[in-house]
Amino acid sequence: MRLLPIQMCRPGMRLARKIYSEDGLVLLAENVELSAKLINRLYECGVHFVYIQDPRTADLVIPDIISDETRQRALGEIRTNFRNLMDRPNRKSGVTYPYIAKSFKQIMSMVIDDLTDQKDAMIMMMNMGIVDDYLFQHSLNVSVYTTLLGIAHGYSRDELMTLGLGAMLHDIGKTQISMNILKKQGQLTKDEYEEMKRHAERGYYLLKDEPNIPLVAAHCAYQHHERLDGSGYPRGIKGDQIHEYAKWIGLVDSYDAMTTTRIYRGPMLPHQAVESLYAGTGTLYEQRMLQLFRDKVAIYPLGITVKFHSGASGVVVDINSSCPHRPVVRVLNNEEGEELKVPYEVDLSTQLTTMIVGVNEEGPIAEASGV
């Protein structure tokens with residue numbers, strides 16, 4: 001399989017992975033043949049990337065960062081609890097639903113188990129092929145990515161539980177924001193933006209007195225938009241005034257927001273998002289955190305098309321965990337853009353003079369992927 005932007009898909013191509021609805025239902029199954037109508041419909045639903053069958057990469061298996069069981073269970077709990085809160089707006093404090101802490105802790109235990117079972121697990125984009133309400137999937141993504149970073153950082157299981165809960169619930173305050181603002185397609189007005197920013201404080205007050213939810217998790221909701229230089233919100237605190245967990249969550253929250261389809265824009269690719277984050281080194285984010293984050297992100301996701309400085313192009317088929325920005329690429333097209341009869345692989349961690357200069361560029365390679 002390979003990963004293609006929806007605008008590079010052509011009628012006749014077949015899906016290599018299912019397309020899910022926001023409720024976890026299968027909208028399109030594997031092996032479904034794409035038509036122009038289906039491609040347009042997926043784009044309208046906010047699906048910007050899909051996995052496509054290609055005999056030249058038929059052996060490529062792209063692992064899930066967490067199991068399908070964990071993902072479905074987590075999204076179900078997030079969706080149920082968040083929707084319950086959306087139905088009761090303007091709450092001042094306390095979620096007060098029976099067993100909310102128990103259910104979220106069970107989910108976090110599953111997430112931690114999945115991630116610790118994978119040696120050299122990398123942050124892979126989890127938004128491919130999902131027609132989603134942004135808030136639910138985003139909450140899961142941030143929790144999974146942050147927990148993976150916490151494992152790499154060396155936190156204990158108890159610390160990972162608190163960190164992961166804080167990440168999963170960091171945006172719970174958005175359940176108290178008007179849907180007209182959350183889903184507005186145009187630019188927010190000044191008043192609407194100020195209202196949107198209140199989700200951090202509202203999240204804190206929802207969680208701070210909740211039985212069995214650590215107070216630190218409430219502070220993660222409160223502080224995940226604070227920044228090192230004091231330019232964040234809601235209180236403009238800086239440096240060591242910000243809890244370390246909230247710093248991790250704020251970094252990952254920004255990354256996932258950049259790499260996810262939003263109502264008002266399409267997603268960035270990982271290498272673009274990481275570059276953007278690095279612009280905030282020392283001012284918005286701590287350098288040591290950015291460095292660990294960079295080392296754990298699959299900057300060029302498996303299945304994506306890349307182009308070399310020579311003009312040759314191919315598909316990423318393996319990630320070097322010790323050097324994620326230098327993947328293994330199966331070269332499918334030569335310097336002139338002609339399809340190779342016998343593709344070959346290049347390990348960029350050893351071929352240091354070969355440089356990636358483009359990703360998902362239109363051209364012969366896009367046409368060659370349809371089967």
# chains A, B, ... in the order shown; residues from 1 in each chain; ligands from 1
$ select_by_dssp --residues "segment 203-256 of chain A" --states "helix (DSSP H, G or I)" --output "number ranges by chain"
A: 203-207, 215-223, 239-241, 244-256
$ residues_around --residues "Ser156 of chain A" --least-positions-apart "5" --cutoff "12 Å" --atoms "only C-alpha atoms" --output "PyMOL selection string"
chain A and resi 112+116+147+150-151+161-164
$ write_last_selection --atoms "all heavy atoms" --output "JSON list (two decimals), in the first residue's frame"
[["chain", "number", "residue", "atom", "x", "y", "z"],
["A", 112, "ILE", "N", -1.09, 2.58, 27.42],
["A", 112, "ILE", "CA", 0.27, 2.37, 27.92],
["A", 112, "ILE", "C", 0.77, 0.97, 27.58],
["A", 112, "ILE", "O", 1.91, 0.78, 27.14],
["A", 112, "ILE", "CB", 0.33, 2.62, 29.44],
["A", 112, "ILE", "CG1", 0.07, 4.10, 29.74],
["A", 112, "ILE", "CG2", 1.70, 2.22, 30.00],
["A", 112, "ILE", "CD1", -0.17, 4.40, 31.22],
["A", 116, "THR", "N", 4.04, 0.30, 25.26],
["A", 116, "THR", "CA", 5.22, -0.33, 25.85],
["A", 116, "THR", "C", 5.51, -1.68, 25.21],
["A", 116, "THR", "O", 6.65, -2.18, 25.30],
["A", 116, "THR", "CB", 5.05, -0.51, 27.38],
["A", 116, "THR", "OG1", 3.82, -1.18, 27.64],
["A", 116, "THR", "CG2", 5.06, 0.84, 28.07],
["A", 147, "THR", "N", 1.91, 10.20, 25.65],
["A", 147, "THR", "CA", 2.31, 9.02, 26.43],
["A", 147, "THR", "C", 3.55, 8.37, 25.84],
["A", 147, "THR", "O", 4.46, 7.95, 26.57],
["A", 147, "THR", "CB", 1.15, 8.01, 26.50],
["A", 147, "THR", "OG1", 0.00, 8.64, 27.06],
["A", 147, "THR", "CG2", 1.53, 6.81, 27.35],
["A", 150, "GLY", "N", 6.36, 10.33, 26.90],
["A", 150, "GLY", "CA", 6.60, 10.10, 28.31],
["A", 150, "GLY", "C", 7.37, 8.81, 28.55],
["A", 150, "GLY", "O", 8.25, 8.75, 29.42],
["A", 151, "ILE", "N", 7.06, 7.77, 27.77],
["A", 151, "ILE", "CA", 7.80, 6.51, 27.86],
["A", 151, "ILE", "C", 9.26, 6.74, 27.48],
["A", 151, "ILE", "O", 10.18, 6.30, 28.16],
["A", 151, "ILE", "CB", 7.15, 5.44, 26.97],
["A", 151, "ILE", "CG1", 5.78, 5.05, 27.51],
["A", 151, "ILE", "CG2", 8.05, 4.20, 26.86],
["A", 151, "ILE", "CD1", 4.97, 4.18, 26.59],
["A", 161, "MET", "N", 0.30, 7.44, 33.63],
["A", 161, "MET", "CA", -1.15, 7.46, 33.79],
["A", 161, "MET", "C", -1.66, 8.88, 33.97],
["A", 161, "MET", "O", -2.62, 9.31, 33.32],
["A", 161, "MET", "CB", -1.54, 6.59, 34.99],
["A", 161, "MET", "CG", -3.04, 6.52, 35.25],
["A", 161, "MET", "SD", -3.97, 5.68, 33.93],
["A", 161, "MET", "CE", -3.40, 3.98, 34.17],
["A", 162, "THR", "N", -1.00, 9.65, 34.84],
["A", 162, "THR", "CA", -1.42, 11.03, 35.07],
["A", 162, "THR", "C", -1.18, 11.90, 33.83],
["A", 162, "THR", "O", -2.05, 12.69, 33.43],
["A", 162, "THR", "CB", -0.66, 11.62, 36.26],
["A", 162, "THR", "OG1", -0.93, 10.84, 37.43],
["A", 162, "THR", "CG2", -1.06, 13.06, 36.52],
["A", 163, "LEU", "N", -0.01, 11.73, 33.22],
["A", 163, "LEU", "CA", 0.30, 12.49, 32.00],
["A", 163, "LEU", "C", -0.71, 12.19, 30.90],
["A", 163, "LEU", "O", -1.23, 13.10, 30.23],
["A", 163, "LEU", "CB", 1.72, 12.14, 31.53],
["A", 163, "LEU", "CG", 2.17, 12.72, 30.18],
["A", 163, "LEU", "CD1", 2.27, 14.24, 30.26],
["A", 163, "LEU", "CD2", 3.52, 12.12, 29.77],
["A", 164, "GLY", "N", -1.00, 10.89, 30.69],
["A", 164, "GLY", "CA", -1.93, 10.49, 29.64],
["A", 164, "GLY", "C", -3.34, 10.98, 29.89],
["A", 164, "GLY", "O", -4.05, 11.39, 28.96]]
$ atom_distance --atom1 "atom CA of Asp229 of chain A" --atom2 "atom CA of Tyr255 of chain A"
18.7 Å
$ closest_residue --among "A:Met124, A:Val359, A:Leu290, A:Val50" --to "Gly314 of chain A" --atoms "only C-alpha atoms"
A:Val359
$ closest_residue --among "A:Lys105, A:His48, A:Lys174, A:Lys296" --to "Met86 of chain A" --atoms "only C-alpha atoms"
A:Lys174
$ select_by_dssp --residues "segment 44-204 of chain A" --states "strand (DSSP E or B)" --output "ChimeraX atom specification"
/A:49-52,123,130
$ write_last_selection --atoms "all heavy atoms" --output "PDB file, in the first residue's frame"
ATOM      1  N   PHE A  49      -5.984  12.290   3.139  1.00  0.00           N
ATOM      2  CA  PHE A  49      -5.034  11.245   2.774  1.00  0.00           C
ATOM      3  C   PHE A  49      -5.722   9.882   2.872  1.00  0.00           C
ATOM      4  O   PHE A  49      -6.512   9.653   3.789  1.00  0.00           O
ATOM      5  CB  PHE A  49      -3.812  11.243   3.714  1.00  0.00           C
ATOM      6  CG  PHE A  49      -2.938  12.448   3.593  1.00  0.00           C
ATOM      7  CD1 PHE A  49      -3.170  13.572   4.353  1.00  0.00           C
ATOM      8  CD2 PHE A  49      -1.857  12.450   2.710  1.00  0.00           C
ATOM      9  CE1 PHE A  49      -2.366  14.692   4.256  1.00  0.00           C
ATOM     10  CE2 PHE A  49      -1.046  13.566   2.595  1.00  0.00           C
ATOM     11  CZ  PHE A  49      -1.298  14.687   3.371  1.00  0.00           C
ATOM     12  N   VAL A  50      -5.412   8.996   1.937  1.00  0.00           N
ATOM     13  CA  VAL A  50      -5.931   7.626   1.987  1.00  0.00           C
ATOM     14  C   VAL A  50      -4.823   6.650   1.607  1.00  0.00           C
ATOM     15  O   VAL A  50      -3.871   7.007   0.905  1.00  0.00           O
ATOM     16  CB  VAL A  50      -7.139   7.422   1.044  1.00  0.00           C
ATOM     17  CG1 VAL A  50      -8.343   8.209   1.515  1.00  0.00           C
ATOM     18  CG2 VAL A  50      -6.780   7.790  -0.390  1.00  0.00           C
ATOM     19  N   TYR A  51      -4.959   5.412   2.084  1.00  0.00           N
ATOM     20  CA  TYR A  51      -4.036   4.349   1.704  1.00  0.00           C
ATOM     21  C   TYR A  51      -4.580   3.644   0.468  1.00  0.00           C
ATOM     22  O   TYR A  51      -5.734   3.207   0.448  1.00  0.00           O
ATOM     23  CB  TYR A  51      -3.849   3.356   2.846  1.00  0.00           C
ATOM     24  CG  TYR A  51      -3.064   3.916   4.000  1.00  0.00           C
ATOM     25  CD1 TYR A  51      -3.698   4.346   5.165  1.00  0.00           C
ATOM     26  CD2 TYR A  51      -1.674   4.025   3.922  1.00  0.00           C
ATOM     27  CE1 TYR A  51      -2.971   4.865   6.226  1.00  0.00           C
ATOM     28  CE2 TYR A  51      -0.936   4.545   4.978  1.00  0.00           C
ATOM     29  CZ  TYR A  51      -1.593   4.966   6.119  1.00  0.00           C
ATOM     30  OH  TYR A  51      -0.859   5.492   7.166  1.00  0.00           O
ATOM     31  N   ILE A  52      -3.738   3.550  -0.560  1.00  0.00           N
ATOM     32  CA  ILE A  52      -4.122   3.008  -1.861  1.00  0.00           C
ATOM     33  C   ILE A  52      -3.307   1.759  -2.160  1.00  0.00           C
ATOM     34  O   ILE A  52      -2.120   1.676  -1.837  1.00  0.00           O
ATOM     35  CB  ILE A  52      -3.886   4.069  -2.968  1.00  0.00           C
ATOM     36  CG1 ILE A  52      -4.797   5.281  -2.736  1.00  0.00           C
ATOM     37  CG2 ILE A  52      -4.119   3.493  -4.354  1.00  0.00           C
ATOM     38  CD1 ILE A  52      -6.277   4.979  -2.820  1.00  0.00           C
ATOM     39  N   ILE A 123       5.954   8.092  16.578  1.00  0.00           N
ATOM     40  CA  ILE A 123       4.708   8.843  16.411  1.00  0.00           C
ATOM     41  C   ILE A 123       4.324   8.812  14.935  1.00  0.00           C
ATOM     42  O   ILE A 123       5.012   9.379  14.087  1.00  0.00           O
ATOM     43  CB  ILE A 123       4.869  10.294  16.897  1.00  0.00           C
ATOM     44  CG1 ILE A 123       5.065  10.319  18.415  1.00  0.00           C
ATOM     45  CG2 ILE A 123       3.658  11.138  16.509  1.00  0.00           C
ATOM     46  CD1 ILE A 123       5.332  11.691  18.990  1.00  0.00           C
ATOM     47  N   ILE A 130     -10.119   8.871   8.354  1.00  0.00           N
ATOM     48  CA  ILE A 130     -11.138   9.025   9.384  1.00  0.00           C
ATOM     49  C   ILE A 130     -11.956  10.276   9.097  1.00  0.00           C
ATOM     50  O   ILE A 130     -11.416  11.362   8.943  1.00  0.00           O
ATOM     51  CB  ILE A 130     -10.520   9.133  10.787  1.00  0.00           C
ATOM     52  CG1 ILE A 130      -9.751   7.848  11.129  1.00  0.00           C
ATOM     53  CG2 ILE A 130     -11.597   9.380  11.836  1.00  0.00           C
ATOM     54  CD1 ILE A 130      -8.990   7.933  12.427  1.00  0.00           C
TER      55      ILE A 130
END
$ closest_residue --among "A:Arg41, A:Arg79, A:Lys18, A:Arg2" --to "Asp54 of chain A" --atoms "only C-alpha atoms"
A:Arg2
$ closest_residue --among "A:Leu25, A:Cys9, A:Leu75, A:Leu169" --to "Pro214 of chain A" --atoms "only C-alpha atoms"
A:Leu169
$ closest_residue --among "A:Asp114, A:Ala257, A:Arg10, A:Pro327" --to "Glu69 of chain A" --atoms "only C-alpha atoms"
A:Asp114
$ residues_around --residues "segment 272-275 of chain A" --least-positions-apart "2" --cutoff "9 Å" --atoms "only C-alpha atoms" --output "MDAnalysis selection string"
chainID A and resid 254:256 258:259 268:270 277:279 290 293:294 297 299
$ closest_residue --among "A:Leu302, A:Val315, A:Met108, A:Ala246" --to "Ile66 of chain A" --atoms "only C-alpha atoms"
A:Met108
$ residues_around --residues "Glu77 of chain A" --least-positions-apart "6" --cutoff "12 Å" --atoms "only C-alpha atoms" --output "list in words"
Asp23, Gly24, Thr70, Arg71, Arg83, Asn84, Tyr99, Ile100, Ala101, Lys102, Ser103, Phe104, Lys105, Gln106, Ile107, Met108, Phe136, Gln137, Ser139, Leu140, Met168 and Leu169 of chain A
$ residues_around --residues "segment 343-351 of chain A" --least-positions-apart "4" --cutoff "12 Å" --atoms "only C-alpha atoms" --output "ChimeraX atom specification"
/A:55-57,300,306,308,312-334,338-339,355-356
$ residues_around --residues "Ser35 of chain A" --least-positions-apart "6" --cutoff "12 Å" --atoms "only C-alpha atoms" --output "ChimeraX atom specification"
/A:6,9-15,41-42,370
$ write_last_selection --atoms "N, CA and C atoms" --output "mmCIF file, in the first residue's frame"
data_model
loop_
_atom_site.group_PDB
_atom_site.id
_atom_site.type_symbol
_atom_site.label_atom_id
_atom_site.label_comp_id
_atom_site.auth_asym_id
_atom_site.auth_seq_id
_atom_site.Cartn_x
_atom_site.Cartn_y
_atom_site.Cartn_z
ATOM 1 N N ILE A 6 -5.613 13.007 -1.187
ATOM 2 C CA ILE A 6 -6.843 12.723 -1.915
ATOM 3 C C ILE A 6 -6.837 13.378 -3.298
ATOM 4 N N CYS A 9 -5.426 11.105 -5.916
ATOM 5 C CA CYS A 9 -6.135 9.860 -6.205
ATOM 6 C C CYS A 9 -6.870 9.987 -7.537
ATOM 7 N N ARG A 10 -7.004 8.852 -8.219
ATOM 8 C CA ARG A 10 -7.658 8.811 -9.512
ATOM 9 C C ARG A 10 -8.727 7.720 -9.518
ATOM 10 N N PRO A 11 -9.814 7.911 -10.290
ATOM 11 C CA PRO A 11 -10.813 6.854 -10.411
ATOM 12 C C PRO A 11 -10.158 5.544 -10.861
ATOM 13 N N GLY A 12 -10.563 4.452 -10.251
ATOM 14 C CA GLY A 12 -9.984 3.149 -10.566
ATOM 15 C C GLY A 12 -9.011 2.668 -9.511
ATOM 16 N N MET A 13 -8.456 3.568 -8.712
ATOM 17 C CA MET A 13 -7.605 3.145 -7.610
ATOM 18 C C MET A 13 -8.453 2.438 -6.557
ATOM 19 N N ARG A 14 -7.825 1.550 -5.779
ATOM 20 C CA ARG A 14 -8.542 0.801 -4.747
ATOM 21 C C ARG A 14 -7.977 1.103 -3.364
ATOM 22 N N LEU A 15 -8.875 1.180 -2.408
ATOM 23 C CA LEU A 15 -8.461 1.451 -1.039
ATOM 24 C C LEU A 15 -7.694 0.265 -0.461
ATOM 25 N N ARG A 41 -16.361 13.181 -2.548
ATOM 26 C CA ARG A 41 -17.101 13.077 -1.296
ATOM 27 C C ARG A 41 -16.139 12.967 -0.104
ATOM 28 N N LEU A 42 -15.072 12.177 -0.264
ATOM 29 C CA LEU A 42 -14.090 12.039 0.810
ATOM 30 C C LEU A 42 -13.426 13.380 1.104
ATOM 31 N N GLY A 370 -2.127 3.738 -9.271
ATOM 32 C CA GLY A 370 -3.445 3.148 -9.395
ATOM 33 C C GLY A 370 -3.395 1.744 -9.940
#
$ atom_distance --atom1 "atom CA of Thr260 of chain A" --atom2 "atom CA of Glu201 of chain A"
23.9 Å
$ residues_around --residues "His243 of chain A" --least-positions-apart "4" --cutoff "10 Å" --atoms "only C-alpha atoms" --output "list in words"
Val216, His219, Cys220, Gln223, His224, Glu226, Lys238, Gly239, Lys247 and Trp248 of chain A
$ atom_distance --atom1 "atom CA of Ser231 of chain A" --atom2 "atom CA of Ile172 of chain A"
22.1 Å
